[in-house]
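Chemist: run.txt is reproduced in full below (compact mmCIF, N, CA, C and O atoms).
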# COMPACT_ATOMS: atom_id res chain seq x y z
N MET A 1 -8.22 -11.42 -8.42
CA MET A 1 -8.95 -10.21 -8.11
C MET A 1 -9.03 -9.37 -9.38
O MET A 1 -8.00 -9.01 -9.93
N PRO A 2 -10.23 -9.05 -9.86
CA PRO A 2 -10.35 -8.25 -11.08
C PRO A 2 -9.91 -6.81 -10.85
O PRO A 2 -9.99 -6.29 -9.75
N ALA A 3 -9.47 -6.18 -11.93
CA ALA A 3 -9.06 -4.77 -11.85
C ALA A 3 -10.29 -3.90 -11.67
O ALA A 3 -11.39 -4.27 -12.07
N LEU A 4 -10.09 -2.75 -11.06
CA LEU A 4 -11.18 -1.79 -10.91
C LEU A 4 -11.56 -1.21 -12.26
O LEU A 4 -10.68 -0.94 -13.09
N PRO A 5 -12.85 -0.99 -12.49
CA PRO A 5 -13.24 -0.26 -13.70
C PRO A 5 -12.60 1.12 -13.70
O PRO A 5 -12.32 1.69 -12.64
N ALA A 6 -12.42 1.68 -14.89
CA ALA A 6 -11.71 2.96 -15.03
C ALA A 6 -12.34 4.07 -14.18
O ALA A 6 -11.61 4.84 -13.53
N ALA A 7 -13.65 4.15 -14.14
CA ALA A 7 -14.31 5.21 -13.36
C ALA A 7 -14.02 5.05 -11.87
O ALA A 7 -13.77 6.05 -11.17
N GLU A 8 -14.05 3.83 -11.38
CA GLU A 8 -13.77 3.60 -9.96
C GLU A 8 -12.30 3.85 -9.65
O GLU A 8 -11.97 4.35 -8.57
N LEU A 9 -11.42 3.51 -10.57
CA LEU A 9 -9.99 3.78 -10.37
C LEU A 9 -9.74 5.28 -10.31
O LEU A 9 -9.00 5.75 -9.44
N ARG A 10 -10.39 6.04 -11.19
CA ARG A 10 -10.24 7.51 -11.15
C ARG A 10 -10.75 8.06 -9.82
O ARG A 10 -10.14 8.94 -9.22
N GLN A 11 -11.88 7.54 -9.35
CA GLN A 11 -12.43 8.01 -8.08
C GLN A 11 -11.47 7.69 -6.93
O GLN A 11 -11.24 8.54 -6.06
N ALA A 12 -10.92 6.50 -6.92
CA ALA A 12 -9.96 6.13 -5.88
C ALA A 12 -8.74 7.03 -5.93
O ALA A 12 -8.26 7.51 -4.89
N ASN A 13 -8.24 7.31 -7.14
CA ASN A 13 -7.08 8.19 -7.27
C ASN A 13 -7.41 9.60 -6.82
O ASN A 13 -6.58 10.27 -6.18
N ASP A 14 -8.62 10.07 -7.11
CA ASP A 14 -9.03 11.40 -6.64
C ASP A 14 -9.08 11.46 -5.12
O ASP A 14 -8.66 12.44 -4.51
N GLU A 15 -9.58 10.40 -4.50
CA GLU A 15 -9.65 10.35 -3.04
C GLU A 15 -8.25 10.36 -2.43
O GLU A 15 -8.01 11.01 -1.40
N ILE A 16 -7.33 9.66 -3.06
CA ILE A 16 -5.94 9.66 -2.57
C ILE A 16 -5.34 11.05 -2.70
O ILE A 16 -4.68 11.55 -1.77
N ALA A 17 -5.58 11.71 -3.83
CA ALA A 17 -5.07 13.07 -4.02
C ALA A 17 -5.64 14.02 -2.97
O ALA A 17 -4.93 14.87 -2.43
N GLN A 18 -6.92 13.87 -2.67
CA GLN A 18 -7.54 14.71 -1.64
C GLN A 18 -6.93 14.45 -0.26
O GLN A 18 -6.74 15.38 0.52
N LEU A 19 -6.61 13.19 0.01
CA LEU A 19 -5.96 12.86 1.27
C LEU A 19 -4.59 13.53 1.37
O LEU A 19 -4.24 14.09 2.42
N VAL A 20 -3.82 13.49 0.29
CA VAL A 20 -2.52 14.15 0.29
C VAL A 20 -2.67 15.63 0.59
O VAL A 20 -1.94 16.20 1.42
N VAL A 21 -3.64 16.26 -0.03
CA VAL A 21 -3.87 17.69 0.19
C VAL A 21 -4.27 17.95 1.64
O VAL A 21 -3.77 18.89 2.27
N ARG A 22 -5.17 17.14 2.19
CA ARG A 22 -5.59 17.33 3.59
C ARG A 22 -4.42 17.20 4.55
O ARG A 22 -4.27 17.99 5.48
N VAL A 23 -3.58 16.20 4.34
CA VAL A 23 -2.42 16.02 5.22
C VAL A 23 -1.46 17.20 5.06
O VAL A 23 -0.94 17.73 6.06
N ALA A 24 -1.24 17.65 3.84
CA ALA A 24 -0.36 18.80 3.61
C ALA A 24 -0.91 20.05 4.30
O ALA A 24 -0.15 20.82 4.90
N GLN A 25 -2.22 20.24 4.23
CA GLN A 25 -2.83 21.40 4.90
C GLN A 25 -2.59 21.34 6.40
O GLN A 25 -2.27 22.34 7.03
N ARG A 26 -2.73 20.16 6.97
CA ARG A 26 -2.49 20.02 8.42
C ARG A 26 -1.04 20.30 8.76
O ARG A 26 -0.74 20.92 9.79
N LEU A 27 -0.12 19.84 7.91
CA LEU A 27 1.29 20.11 8.15
C LEU A 27 1.55 21.62 8.12
O LEU A 27 2.28 22.15 8.97
N CYS A 28 0.96 22.30 7.16
CA CYS A 28 1.16 23.75 7.06
C CYS A 28 0.54 24.48 8.25
O CYS A 28 1.15 25.38 8.81
N GLU A 29 -0.66 24.07 8.63
CA GLU A 29 -1.35 24.71 9.75
C GLU A 29 -0.56 24.53 11.04
O GLU A 29 -0.50 25.44 11.87
N ALA A 30 0.05 23.36 11.20
CA ALA A 30 0.78 23.08 12.43
C ALA A 30 2.09 23.86 12.52
O ALA A 30 2.55 24.18 13.61
N ALA A 31 2.68 24.17 11.37
CA ALA A 31 4.02 24.74 11.39
C ALA A 31 4.10 26.20 10.96
O ALA A 31 5.03 26.89 11.33
N LEU A 32 3.13 26.67 10.17
CA LEU A 32 3.29 27.98 9.54
C LEU A 32 2.02 28.81 9.62
O LEU A 32 0.92 28.29 9.45
N ASP A 33 2.19 30.12 9.82
CA ASP A 33 1.04 31.03 9.80
C ASP A 33 0.59 31.30 8.37
O ASP A 33 -0.56 31.08 8.02
N GLN A 34 1.47 31.81 7.56
CA GLN A 34 1.19 32.14 6.16
C GLN A 34 2.23 31.44 5.29
O GLN A 34 3.24 32.02 4.92
N PRO A 35 1.98 30.17 4.93
CA PRO A 35 2.98 29.45 4.15
C PRO A 35 3.13 30.03 2.74
O PRO A 35 2.16 30.48 2.13
N THR A 36 4.35 30.03 2.27
CA THR A 36 4.61 30.45 0.88
C THR A 36 4.21 29.30 -0.05
O THR A 36 3.97 28.17 0.40
N ASP A 37 4.16 29.60 -1.33
CA ASP A 37 3.83 28.57 -2.31
C ASP A 37 4.85 27.43 -2.21
O ASP A 37 4.48 26.25 -2.27
N ARG A 38 6.11 27.75 -2.04
CA ARG A 38 7.15 26.73 -1.92
C ARG A 38 6.90 25.85 -0.70
O ARG A 38 6.99 24.63 -0.78
N GLU A 39 6.58 26.47 0.43
CA GLU A 39 6.32 25.70 1.65
C GLU A 39 5.10 24.78 1.50
O GLU A 39 5.10 23.64 1.96
N VAL A 40 4.08 25.28 0.82
CA VAL A 40 2.89 24.46 0.57
C VAL A 40 3.26 23.25 -0.29
O VAL A 40 2.88 22.12 -0.01
N ARG A 41 4.00 23.51 -1.36
CA ARG A 41 4.37 22.42 -2.26
C ARG A 41 5.30 21.41 -1.57
O ARG A 41 5.20 20.21 -1.80
N LEU A 42 6.17 21.89 -0.72
CA LEU A 42 7.03 20.97 0.05
C LEU A 42 6.20 20.19 1.06
O LEU A 42 6.49 19.01 1.32
N ALA A 43 5.17 20.81 1.61
CA ALA A 43 4.28 20.08 2.52
C ALA A 43 3.54 18.98 1.78
O ALA A 43 3.32 17.89 2.32
N VAL A 44 3.18 19.23 0.52
CA VAL A 44 2.54 18.19 -0.30
C VAL A 44 3.51 17.04 -0.52
O VAL A 44 3.13 15.86 -0.42
N VAL A 45 4.76 17.35 -0.77
CA VAL A 45 5.78 16.30 -0.94
C VAL A 45 5.90 15.48 0.35
O VAL A 45 5.91 14.25 0.32
N THR A 46 5.98 16.16 1.48
CA THR A 46 6.08 15.48 2.76
C THR A 46 4.85 14.62 3.02
O THR A 46 4.97 13.46 3.45
N ALA A 47 3.67 15.16 2.74
CA ALA A 47 2.43 14.40 2.95
C ALA A 47 2.41 13.15 2.09
O ALA A 47 2.06 12.06 2.55
N ALA A 48 2.80 13.28 0.83
CA ALA A 48 2.82 12.13 -0.07
C ALA A 48 3.80 11.07 0.42
O ALA A 48 3.51 9.87 0.39
N ARG A 49 4.96 11.52 0.93
CA ARG A 49 5.94 10.57 1.46
C ARG A 49 5.40 9.85 2.69
O ARG A 49 5.55 8.64 2.83
N LEU A 50 4.76 10.58 3.59
CA LEU A 50 4.19 9.98 4.79
C LEU A 50 3.12 8.94 4.43
O LEU A 50 3.09 7.83 4.99
N ILE A 51 2.27 9.30 3.49
CA ILE A 51 1.21 8.38 3.07
C ILE A 51 1.80 7.16 2.37
O ILE A 51 1.38 6.03 2.61
N GLN A 52 2.80 7.39 1.53
CA GLN A 52 3.45 6.28 0.85
C GLN A 52 4.07 5.30 1.84
O GLN A 52 3.93 4.08 1.70
N ALA A 53 4.72 5.82 2.87
CA ALA A 53 5.33 4.94 3.88
C ALA A 53 4.27 4.14 4.61
O ALA A 53 4.43 2.93 4.85
N GLU A 54 3.17 4.78 4.98
CA GLU A 54 2.10 4.09 5.70
C GLU A 54 1.44 3.04 4.81
O GLU A 54 1.17 1.92 5.24
N VAL A 55 1.19 3.40 3.57
CA VAL A 55 0.57 2.44 2.64
C VAL A 55 1.51 1.26 2.41
O VAL A 55 1.08 0.10 2.35
N GLY A 56 2.81 1.52 2.33
CA GLY A 56 3.78 0.44 2.17
C GLY A 56 3.74 -0.52 3.35
O GLY A 56 3.77 -1.75 3.17
N ALA A 57 3.64 0.02 4.55
CA ALA A 57 3.56 -0.83 5.74
C ALA A 57 2.26 -1.63 5.74
O ALA A 57 2.24 -2.82 6.08
N GLN A 58 1.17 -0.99 5.33
CA GLN A 58 -0.10 -1.70 5.26
C GLN A 58 -0.08 -2.78 4.18
O GLN A 58 -0.66 -3.85 4.37
N LEU A 59 0.60 -2.51 3.07
CA LEU A 59 0.72 -3.51 2.02
C LEU A 59 1.48 -4.73 2.54
O LEU A 59 1.07 -5.87 2.33
N ASP A 60 2.58 -4.50 3.24
CA ASP A 60 3.35 -5.61 3.79
C ASP A 60 2.49 -6.45 4.74
O ASP A 60 2.53 -7.68 4.71
N GLU A 61 1.70 -5.79 5.58
CA GLU A 61 0.84 -6.52 6.51
C GLU A 61 -0.27 -7.26 5.76
O GLU A 61 -0.61 -8.40 6.11
N ALA A 62 -0.82 -6.65 4.73
CA ALA A 62 -1.86 -7.31 3.94
C ALA A 62 -1.30 -8.54 3.23
O ALA A 62 -1.97 -9.58 3.17
N VAL A 63 -0.10 -8.44 2.72
CA VAL A 63 0.54 -9.59 2.06
C VAL A 63 0.76 -10.70 3.07
O VAL A 63 0.48 -11.88 2.80
N ALA A 64 1.25 -10.36 4.25
CA ALA A 64 1.45 -11.39 5.29
C ALA A 64 0.12 -12.03 5.66
O ALA A 64 0.04 -13.26 5.84
N GLY A 65 -0.95 -11.23 5.76
CA GLY A 65 -2.27 -11.78 6.07
C GLY A 65 -2.76 -12.72 4.98
O GLY A 65 -3.32 -13.78 5.26
N ALA A 66 -2.55 -12.35 3.73
CA ALA A 66 -2.94 -13.22 2.62
C ALA A 66 -2.15 -14.52 2.66
O ALA A 66 -2.69 -15.61 2.44
N ALA A 67 -0.87 -14.42 2.98
CA ALA A 67 -0.03 -15.62 3.07
C ALA A 67 -0.51 -16.53 4.19
O ALA A 67 -0.50 -17.76 4.05
N ARG A 68 -0.95 -15.94 5.31
CA ARG A 68 -1.45 -16.76 6.42
C ARG A 68 -2.70 -17.54 6.04
O ARG A 68 -3.01 -18.56 6.65
N THR A 69 -3.42 -17.08 5.02
CA THR A 69 -4.59 -17.81 4.56
C THR A 69 -4.24 -18.83 3.47
O THR A 69 -5.13 -19.50 2.94
N GLY A 70 -2.95 -18.90 3.12
CA GLY A 70 -2.51 -19.86 2.12
C GLY A 70 -2.35 -19.30 0.73
O GLY A 70 -2.03 -20.04 -0.20
N ALA A 71 -2.55 -18.00 0.55
CA ALA A 71 -2.32 -17.40 -0.77
C ALA A 71 -0.85 -17.54 -1.12
O ALA A 71 0.03 -17.30 -0.28
N GLY A 72 -0.58 -17.95 -2.33
CA GLY A 72 0.79 -18.15 -2.78
C GLY A 72 1.36 -16.93 -3.47
O GLY A 72 0.67 -15.92 -3.68
N TYR A 73 2.61 -17.04 -3.84
CA TYR A 73 3.28 -15.92 -4.50
C TYR A 73 2.61 -15.54 -5.81
O TYR A 73 2.56 -14.35 -6.16
N ALA A 74 2.09 -16.50 -6.55
CA ALA A 74 1.43 -16.17 -7.82
C ALA A 74 0.20 -15.30 -7.57
O ALA A 74 -0.02 -14.29 -8.26
N GLU A 75 -0.60 -15.66 -6.58
CA GLU A 75 -1.81 -14.89 -6.26
C GLU A 75 -1.45 -13.51 -5.71
O GLU A 75 -2.07 -12.51 -6.07
N ILE A 76 -0.48 -13.47 -4.83
CA ILE A 76 -0.06 -12.20 -4.25
C ILE A 76 0.52 -11.30 -5.32
O ILE A 76 0.19 -10.11 -5.41
N GLY A 77 1.37 -11.86 -6.17
CA GLY A 77 1.94 -11.09 -7.27
C GLY A 77 0.86 -10.50 -8.17
O GLY A 77 0.90 -9.32 -8.52
N ALA A 78 -0.12 -11.33 -8.52
CA ALA A 78 -1.22 -10.85 -9.37
C ALA A 78 -1.99 -9.73 -8.68
O ALA A 78 -2.38 -8.75 -9.33
N ALA A 79 -2.18 -9.84 -7.39
CA ALA A 79 -2.94 -8.82 -6.65
C ALA A 79 -2.22 -7.48 -6.61
O ALA A 79 -2.86 -6.43 -6.54
N VAL A 80 -0.89 -7.50 -6.66
CA VAL A 80 -0.14 -6.24 -6.61
C VAL A 80 0.44 -5.85 -7.97
O VAL A 80 1.16 -4.86 -8.07
N GLY A 81 0.10 -6.62 -9.00
CA GLY A 81 0.55 -6.26 -10.34
C GLY A 81 1.98 -6.60 -10.65
O GLY A 81 2.67 -5.85 -11.35
N MET A 82 2.44 -7.71 -10.10
CA MET A 82 3.79 -8.16 -10.41
C MET A 82 3.78 -9.67 -10.65
O MET A 82 2.76 -10.32 -10.40
N THR A 83 4.89 -10.18 -11.09
CA THR A 83 4.98 -11.62 -11.33
C THR A 83 5.14 -12.36 -10.01
O THR A 83 5.42 -11.75 -8.96
N ARG A 84 4.98 -13.67 -10.08
CA ARG A 84 5.22 -14.52 -8.91
C ARG A 84 6.65 -14.32 -8.43
O ARG A 84 6.92 -14.18 -7.23
N GLN A 85 7.59 -14.29 -9.38
CA GLN A 85 9.00 -14.12 -9.00
C GLN A 85 9.24 -12.75 -8.37
O GLN A 85 10.01 -12.63 -7.40
N GLY A 86 8.57 -11.73 -8.88
CA GLY A 86 8.71 -10.40 -8.30
C GLY A 86 8.19 -10.37 -6.87
O GLY A 86 8.81 -9.76 -5.98
N ALA A 87 7.06 -11.03 -6.64
CA ALA A 87 6.50 -11.09 -5.28
C ALA A 87 7.44 -11.86 -4.35
O ALA A 87 7.64 -11.47 -3.20
N ARG A 88 8.02 -12.92 -4.86
CA ARG A 88 8.94 -13.72 -4.04
C ARG A 88 10.19 -12.91 -3.67
O ARG A 88 10.69 -12.99 -2.54
N ARG A 89 10.67 -12.10 -4.61
CA ARG A 89 11.83 -11.24 -4.30
C ARG A 89 11.45 -10.14 -3.32
O ARG A 89 12.22 -9.77 -2.44
N ARG A 90 10.23 -9.60 -3.45
CA ARG A 90 9.80 -8.48 -2.61
C ARG A 90 9.51 -8.92 -1.18
O ARG A 90 9.78 -8.21 -0.23
N TRP A 91 8.92 -10.13 -1.04
CA TRP A 91 8.54 -10.63 0.29
C TRP A 91 9.08 -12.05 0.51
O TRP A 91 8.31 -13.00 0.70
N PRO A 92 10.39 -12.22 0.56
CA PRO A 92 10.94 -13.57 0.73
C PRO A 92 10.58 -14.19 2.08
O PRO A 92 10.48 -15.42 2.20
N GLU A 93 10.34 -13.36 3.07
CA GLU A 93 10.09 -13.85 4.42
C GLU A 93 8.75 -14.56 4.56
O GLU A 93 8.54 -15.27 5.55
N ILE A 94 7.85 -14.42 3.62
CA ILE A 94 6.54 -15.05 3.78
C ILE A 94 6.49 -16.48 3.24
O ILE A 94 5.47 -17.15 3.38
N ALA A 95 7.58 -16.95 2.66
CA ALA A 95 7.58 -18.32 2.13
C ALA A 95 7.22 -19.32 3.22
O ALA A 95 6.41 -20.24 3.00
N ALA A 96 7.80 -19.16 4.40
CA ALA A 96 7.50 -20.08 5.50
C ALA A 96 6.05 -19.94 5.96
O ALA A 96 5.42 -20.94 6.33
N VAL A 97 5.51 -18.73 5.91
CA VAL A 97 4.12 -18.50 6.30
C VAL A 97 3.18 -19.21 5.34
O VAL A 97 2.22 -19.87 5.74
N ILE A 98 3.47 -19.08 4.04
CA ILE A 98 2.66 -19.75 3.02
C ILE A 98 2.70 -21.26 3.22
O ILE A 98 1.67 -21.93 3.20
N GLN A 99 3.89 -21.78 3.43
CA GLN A 99 4.06 -23.23 3.62
C GLN A 99 3.30 -23.71 4.85
O GLN A 99 2.60 -24.73 4.81
N ALA A 100 3.40 -22.98 5.94
CA ALA A 100 2.71 -23.38 7.17
C ALA A 100 1.19 -23.36 6.97
O ALA A 100 0.48 -24.26 7.44
N ALA A 101 0.69 -22.35 6.27
CA ALA A 101 -0.75 -22.25 6.02
C ALA A 101 -1.21 -23.42 5.16
O ALA A 101 -2.27 -24.01 5.41
N ARG A 102 -0.43 -23.77 4.17
CA ARG A 102 -0.80 -24.89 3.30
C ARG A 102 -0.74 -26.22 4.04
O ARG A 102 -1.61 -27.08 3.84
N GLU A 103 0.23 -26.38 4.89
CA GLU A 103 0.32 -27.61 5.70
C GLU A 103 -0.86 -27.70 6.66
O GLU A 103 -1.40 -28.77 6.87
N ALA A 104 -1.26 -26.57 7.23
CA ALA A 104 -2.42 -26.56 8.12
C ALA A 104 -3.69 -26.93 7.36
O ALA A 104 -4.52 -27.67 7.86
N ASP A 105 -3.81 -26.45 6.13
CA ASP A 105 -4.97 -26.81 5.30
C ASP A 105 -4.98 -28.30 5.01
O ASP A 105 -6.03 -28.94 5.05
N LEU A 106 -3.82 -28.86 4.72
CA LEU A 106 -3.73 -30.28 4.44
C LEU A 106 -4.10 -31.13 5.67
O LEU A 106 -4.75 -32.15 5.55
N SER A 107 -3.68 -30.66 6.84
CA SER A 107 -3.95 -31.44 8.05
C SER A 107 -5.44 -31.38 8.42
O SER A 107 -5.96 -32.31 9.02
N THR A 108 -6.12 -30.31 8.06
CA THR A 108 -7.56 -30.23 8.36
C THR A 108 -8.38 -30.99 7.31
O THR A 108 -9.51 -31.37 7.58
N ASP A 109 -7.80 -31.24 6.14
CA ASP A 109 -8.48 -32.00 5.10
C ASP A 109 -8.51 -33.50 5.39
O ASP A 109 -9.36 -34.21 4.90
N SER A 110 -7.55 -33.96 6.22
CA SER A 110 -7.48 -35.40 6.46
C SER A 110 -8.33 -35.84 7.61
O SER A 110 -8.87 -35.22 8.36
Would you write out, as structure tokens, the structure that this file holds?
Modeler:
Amino acid sequence: MPALPAAELRQANDEIAQLVVRVAQRLCEAALDQPTDREVRLAVVTAARLIQAEVGAQLDEAVAGAARTGAGYAEIGAAVGMTRQGARRRWPEIAAVIQAAREADLSTDS
């Protein structure tokens, strides 16, 4: 998978930053009438943590989905910017999924 061009990467990062701000605003609106600067900044921290946790869960599911299609650790590692060994350490549980997908591909080839 090729890397995003710099302009598209900046746009994606801007959209993520806007999402963090929107979530923080909702947190403040739900909990506070007139939030202080500190409360706003802490809401931004909370929003970023919530988004990070959700994105992490989605990444794990995306990796499992790629493994189900037969993508190996080298491909998965490259897609997330790490080595094959790093991907294997991060997601050891998908080794069996990768193997099963590859065996299924072999059985359909014969």
Chemist: When you count all atoms listed in the file, which of these residues is closest to Ala43 in chain A: A:Val21, A:Val55, A:Ala104, A:Val63?
Modeler: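 Closest residue, counting all atoms listed in the file: A:Val21.
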Chemist: Could you state the separation of CA of Glu61 in chain A and CA of Ile94 in chain A in Å, given to one decimal place?
Modeler: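 Computing it gives 10.6 Å between the two atoms.
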Chemist: Identify which of the residues A:Ala7, A:Leu42, A:Ile51, A:Ala96 lies closest to Ala64 in chain A, counting only C-alpha atoms when measuring atom-to-atom distances.
Modeler: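 Ranked by minimum distance to Ala64 in chain A, first place goes to A:Ala96.
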Chemist: Mind checking DSSP for chain A and telling me the helix (DSSP H, G or I) residues as JSON, numbers by chain?
Modeler: {"A": [6, 7, 8, 9, 10, 11, 12, 13, 14, 15, 16, 17, 18, 19, 20, 21, 22, 23, 24, 25, 26, 27, 28, 29, 30, 31, 37, 38, 39, 40, 41, 42, 43, 44, 45, 46, 47, 48, 49, 50, 51, 52, 53, 54, 55, 56, 57, 58, 59, 60, 61, 62, 63, 64, 65, 66, 67, 68, 73, 74, 75, 76, 77, 78, 79, 80, 84, 85, 86, 87, 88, 89, 90, 92, 93, 94, 95, 96, 97, 98, 99, 100, 101, 102, 103, 104, 105, 106, 107, 108, 109]}
Chemist: Would you compute, for all listed atoms of range 99-109 of chain A, the axis-aligned bounding box grown by 3 Å on each side, and then report its centre and edge lengths in Å rounded to one decimal, as AutoDock Vina command-line options?
Modeler:
--center_x -2.7 --center_y -28.0 --center_z 6.2 --size_x 19.6 --size_y 18.4 --size_z 11.7
Chemist: Nearest to Val80 in chain A among A:Ala95, A:Ala62, A:Glu15, A:Arg68, with distances taken over only C-alpha atoms: which residue is it?
Modeler: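 Closest to Val80 in chain A, using only C-alpha atoms: A:Ala62.
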Chemist: For Glu39 in chain A, work out the shell of residues within 8 Å, counting all atoms listed in the file and skipping chain neighbours fewer than 4 positions away, then give it as a PyMOL selection string.
Modeler: chain A and resi 24+27-28+34-35+43-46
Chemist: One number please: CA of Gln52 in chain A to atom N of Gln25 in chain A, in Å, one decimal.
Modeler: 15.4 Å
Chemist: Smallest atom-to-atom distance to Ile98 in chain A: which of A:Ala66, A:Gly81, A:Glu75, A:Gly86, using all atoms listed in the file?
Modeler: A:Ala66
Chemist: Provide the CA of Ile76 in chain A to CA of Ala100 in chain A distance in Å, to one decimal place.
Modeler: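 CA of Ala100 in chain A lies 16.2 Å from CA of Ile76 in chain A.
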Chemist: Step by step: locate range 82-89 of chain A in the block above, keep all heavy atoms, then write the file as a CSV table (one decimal), in the first residue's frame.
Modeler:
chain,number,residue,atom,x,y,z
A,82,MET,N,5.5,-1.0,10.4
A,82,MET,CA,6.4,-1.8,11.3
A,82,MET,C,7.0,-3.0,10.5
A,82,MET,O,6.6,-3.3,9.4
A,82,MET,CB,5.8,-2.2,12.6
A,82,MET,CG,4.6,-3.2,12.4
A,82,MET,SD,3.9,-3.8,14.0
A,82,MET,CE,3.3,-2.4,14.8
A,83,THR,N,8.0,-3.6,11.1
A,83,THR,CA,8.6,-4.8,10.5
A,83,THR,C,7.6,-6.0,10.6
A,83,THR,O,6.7,-6.0,11.4
A,83,THR,CB,9.9,-5.2,11.2
A,83,THR,OG1,9.6,-5.5,12.5
A,83,THR,CG2,10.9,-4.0,11.1
A,84,ARG,N,7.9,-7.0,9.9
A,84,ARG,CA,7.2,-8.3,10.0
A,84,ARG,C,7.3,-8.8,11.4
A,84,ARG,O,6.3,-9.2,12.0
A,84,ARG,CB,7.8,-9.3,9.0
A,84,ARG,CG,7.2,-10.7,9.1
A,84,ARG,CD,7.9,-11.7,8.3
A,84,ARG,NE,9.3,-11.9,8.7
A,84,ARG,CZ,9.7,-12.7,9.8
A,84,ARG,NH1,8.7,-13.3,10.5
A,84,ARG,NH2,10.9,-12.8,10.1
A,85,GLN,N,8.5,-8.7,12.0
A,85,GLN,CA,8.6,-9.2,13.4
A,85,GLN,C,7.8,-8.4,14.3
A,85,GLN,O,7.2,-8.9,15.3
A,85,GLN,CB,10.1,-9.2,13.8
A,85,GLN,CG,11.0,-10.1,13.0
A,85,GLN,CD,11.5,-9.5,11.7
A,85,GLN,OE1,11.1,-8.4,11.2
A,85,GLN,NE2,12.5,-10.2,11.1
A,86,GLY,N,7.8,-7.1,14.1
A,86,GLY,CA,7.0,-6.2,15.0
A,86,GLY,C,5.5,-6.5,14.9
A,86,GLY,O,4.8,-6.6,15.9
A,87,ALA,N,5.0,-6.8,13.7
A,87,ALA,CA,3.6,-7.2,13.5
A,87,ALA,C,3.4,-8.5,14.2
A,87,ALA,O,2.3,-8.7,14.8
A,87,ALA,CB,3.3,-7.3,12.0
A,88,ARG,N,4.3,-9.4,14.1
A,88,ARG,CA,4.1,-10.8,14.7
A,88,ARG,C,4.1,-10.6,16.2
A,88,ARG,O,3.3,-11.3,16.9
A,88,ARG,CB,5.2,-11.7,14.3
A,88,ARG,CG,5.0,-13.1,14.7
A,88,ARG,CD,6.0,-14.1,14.1
A,88,ARG,NE,5.7,-15.4,14.4
A,88,ARG,CZ,4.9,-16.2,13.8
A,88,ARG,NH1,4.2,-15.8,12.8
A,88,ARG,NH2,4.7,-17.5,14.2
A,89,ARG,N,4.9,-9.8,16.8
A,89,ARG,CA,4.8,-9.5,18.2
A,89,ARG,C,3.6,-8.8,18.7
A,89,ARG,O,3.0,-9.1,19.7
A,89,ARG,CB,6.1,-8.7,18.7
A,89,ARG,CG,7.3,-9.5,18.8
A,89,ARG,CD,8.4,-8.7,19.6
A,89,ARG,NE,8.8,-7.6,18.8
A,89,ARG,CZ,9.8,-7.6,17.9
A,89,ARG,NH1,10.4,-8.7,17.5
A,89,ARG,NH2,10.1,-6.4,17.2
